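Chemist: Got a structure for you, questions after.
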Amino acid sequence: MGERLLRYMDDIEDRLIAFAGANNLQIVRQIGFGIHGRVFMIIARHSASVVKVFEEEDPYKRERDVYLRLQEKGVEQIVGCHVPDLLSFSDDLRVVHISLVSRPFCLDFAAAYLDALPIGFPPMESDWEAEKLKEFGTEDWLKASLVLDRLKSFGIIQTDVSPTNISV
Ligand SMILES: Nc1ncnc2c1ncn2[C@@H]1O[C@H](COP(=O)(O)OP(=O)(O)O)[C@@H](O)[C@H]1O
Ligand SMILES: [Mg+2]
């Protein structure tokens, strides 16, 4: 897409509409709003799926690259948690199109890194694990830790660990 056109597509909704138009998708409704962008349920070829439109380039690339890694490894679920399939993506529009999954699920890789954390990434607070235990509850935290270990075995380091992203 030409740079001139992109300059007019800074807005998330403009990019969503452009992606939907180009791929014959019908926008149903917004299902998530976070720091990295907005998440929409859409209908494509009579079935529901999900489009996530990113505000910024870096989180977009991280999420795209994690889904590509998961695809390369053939991962459909992690310790019983469904992982969305990457259906398509657009670098120009900063959009990933993924399958709709039900709970338990593991998703949102906008703050996940491949193979190593970037140099200078802040170290974990000493009470991180205690905080997670409180957030998830003992049983769910045990399961979530297994999910994190399994992700790591694929070289995926998830730094955004929350019950909304890892819903066990
Ligand atoms: N593929 C999906 N299937 C089902 N629900 C999803 C999917 N992707 C996102 N969601 C829902 O939308 C919420 C926000 O998506 P997420 O990727 O976590 O965005 P954010 O970066 O804004 O947190 C998730 O917590 C989940 O409830
Ligand atoms: Mg999230």
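By order of appearance in the structure tokens: chains A, B, ..., then residues from 1 within every chain, and ligands from 1 in the order shown.
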Please give me, as a JSON list (two decimals) with C-alpha atoms, in the first residue's frame, the residues lying within 9 Å of ligand 2 when counting only C-alpha atoms and all ligand atoms.

Modeler:
```
[["chain", "number", "residue", "atom", "x", "y", "z"],
["A", 32, "GLY", "CA", -11.47, -6.35, 23.40],
["A", 33, "PHE", "CA", -9.75, -3.07, 24.05],
["A", 34, "GLY", "CA", -6.26, -3.03, 25.43],
["A", 35, "ILE", "CA", -3.07, -1.04, 25.51],
["A", 36, "HIS", "CA", -1.91, -2.40, 22.17],
["A", 107, "LEU", "CA", -3.50, -15.58, 23.56],
["A", 108, "ASP", "CA", -2.26, -12.00, 23.28],
["A", 109, "PHE", "CA", 1.39, -12.10, 22.30],
["A", 110, "ALA", "CA", 1.86, -8.35, 21.83],
["A", 160, "ASP", "CA", 2.13, -10.13, 29.77],
["A", 161, "VAL", "CA", 0.99, -12.80, 32.19],
["A", 162, "SER", "CA", -2.59, -12.30, 33.30],
["A", 163, "PRO", "CA", -5.79, -14.34, 33.65],
["A", 164, "THR", "CA", -7.26, -12.43, 30.68],
["A", 165, "ASN", "CA", -4.43, -13.65, 28.42],
["A", 166, "ILE", "CA", -3.96, -17.09, 29.95]]
```

Chemist: Go through region 82-140 of chain A and collect every residue that DSSP, computed from the backbone, puts in strand (DSSP E); the answer should be as a PyMOL selection string.

Modeler: chain A and resi 82+86-90+95-99+105-106+112-114

Chemist: Could you list, as a ChimeraX atom specification, all the residues within 10 Å of ligand 1, counting only C-alpha atoms and all ligand atoms?

Modeler: /A:30-41,48-54,59-60,63,82-86,96-111,160,162-167

Chemist: Pull C-alpha atoms from the residues just selected and write them as a CSV table (one decimal), in the first residue's frame.

Modeler:
```csv
chain,number,residue,atom,x,y,z
A,30,GLN,CA,-15.5,-5.1,19.3
A,31,ILE,CA,-14.6,-7.8,21.9
A,32,GLY,CA,-11.5,-6.4,23.4
A,33,PHE,CA,-9.8,-3.1,24.0
A,34,GLY,CA,-6.3,-3.0,25.4
A,35,ILE,CA,-3.1,-1.0,25.5
A,36,HIS,CA,-1.9,-2.4,22.2
A,37,GLY,CA,-5.0,-2.0,20.0
A,38,ARG,CA,-8.5,-3.2,19.6
A,39,VAL,CA,-9.9,-6.7,19.0
A,40,PHE,CA,-13.0,-7.3,16.8
A,41,MET,CA,-15.1,-10.3,16.1
A,48,ALA,CA,-16.6,-16.1,13.1
A,49,SER,CA,-13.0,-15.2,13.6
A,50,VAL,CA,-11.1,-12.4,15.2
A,51,VAL,CA,-9.2,-9.3,13.9
A,52,LYS,CA,-6.8,-7.5,16.2
A,53,VAL,CA,-5.8,-4.0,15.0
A,54,PHE,CA,-2.6,-2.6,16.5
A,59,PRO,CA,3.6,-4.9,19.4
A,60,TYR,CA,2.1,-5.8,16.0
A,63,GLU,CA,2.3,-10.8,18.0
A,82,HIS,CA,-6.6,-23.3,22.9
A,83,VAL,CA,-4.3,-21.1,20.9
A,84,PRO,CA,-5.7,-19.1,18.0
A,85,ASP,CA,-4.6,-20.0,14.5
A,86,LEU,CA,-3.0,-17.3,12.4
A,96,VAL,CA,-3.6,-10.0,12.6
A,97,HIS,CA,-6.5,-12.2,11.6
A,98,ILE,CA,-6.8,-15.2,13.9
A,99,SER,CA,-9.3,-17.9,14.7
A,100,LEU,CA,-11.9,-17.4,17.5
A,101,VAL,CA,-11.1,-19.6,20.5
A,102,SER,CA,-13.1,-20.5,23.6
A,103,ARG,CA,-11.8,-20.9,27.1
A,104,PRO,CA,-9.5,-22.3,28.3
A,105,PHE,CA,-7.2,-20.2,26.0
A,106,CYS,CA,-3.8,-18.7,25.7
A,107,LEU,CA,-3.5,-15.6,23.6
A,108,ASP,CA,-2.3,-12.0,23.3
A,109,PHE,CA,1.4,-12.1,22.3
A,110,ALA,CA,1.9,-8.4,21.8
A,111,ALA,CA,4.3,-8.4,24.7
A,160,ASP,CA,2.1,-10.1,29.8
A,162,SER,CA,-2.6,-12.3,33.3
A,163,PRO,CA,-5.8,-14.3,33.7
A,164,THR,CA,-7.3,-12.4,30.7
A,165,ASN,CA,-4.4,-13.6,28.4
A,166,ILE,CA,-4.0,-17.1,29.9
A,167,SER,CA,-7.4,-18.2,30.9
```

Chemist: Of the candidates A:Phe121, A:Ala18, A:Val168, A:Glu56, which shows the shortest atom-to-atom distance to Phe136 (chain A), using only C-alpha atoms?

Modeler: A:Val168

Chemist: Chain A: which residues are alpha helix (DSSP H) by DSSP, as JSON, numbers by chain?

Modeler: {"A": [3, 4, 5, 6, 12, 13, 14, 15, 16, 17, 18, 19, 20, 21, 22, 23, 57, 58, 59, 60, 61, 62, 63, 64, 65, 66, 67, 68, 69, 70, 71, 72, 128, 129, 130, 131, 132, 133, 134, 135, 136, 138, 139, 140, 141, 142, 143, 144, 145, 146, 147, 148, 149, 150, 151, 152, 153]}

Chemist: From the list A:Lys61, A:Leu117, A:Asp140, A:Met124, which residue is nearest Arg94 (chain A) when using only C-alpha atoms?

Modeler: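 For Arg94 (chain A), the nearest of the given residues is A:Lys61.
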
Chemist: When you count only C-alpha atoms, which of these residues is closest to Ile156 (chain A): A:Asp65, A:Asp127, A:Glu139, A:Glu57?

Modeler: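 Comparing A:Asp65, A:Asp127, A:Glu139, A:Glu57 against Ile156 (chain A), the winner is A:Asp65.
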
Chemist: CA of Arg29 (chain A) and CA of Tyr67 (chain A) are how many Å apart?

Modeler: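 Spanning CA of Arg29 (chain A) to CA of Tyr67 (chain A) is a straight-line distance of 22.9 Å.
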
Chemist: Residues of region 5-98 of chain A within 8 Å of region 150-154 of chain A: nearest atom pair and distance (Å, one decimal) for each, counting only C-alpha atoms, sorted by chain and number, as a Markdown table?

Modeler:
```
| residue | atom | partner | partner_atom | distance |
| --- | --- | --- | --- | --- |
| A:Arg69 | CA | A:Phe154 | CA | 7.7 |
| A:Leu70 | CA | A:Phe154 | CA | 7.6 |
| A:Lys73 | CA | A:Phe154 | CA | 7.6 |
| A:Ile78 | CA | A:Arg150 | CA | 6.9 |
| A:Val79 | CA | A:Arg150 | CA | 7.6 |
```

Chemist: From the set A:Cys81, A:Ile43, A:Ala130, A:Ile27, which residue has the shortest atom-to-atom contact distance to Leu148 (chain A), counting only C-alpha atoms?

Modeler: A:Cys81

Chemist: From the set A:Ala116, A:Leu93, A:Ser126, A:Gln77, which residue has the shortest atom-to-atom contact distance to Val147 (chain A), counting only C-alpha atoms?

Modeler: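 For Val147 (chain A), the nearest of the given residues is A:Gln77.
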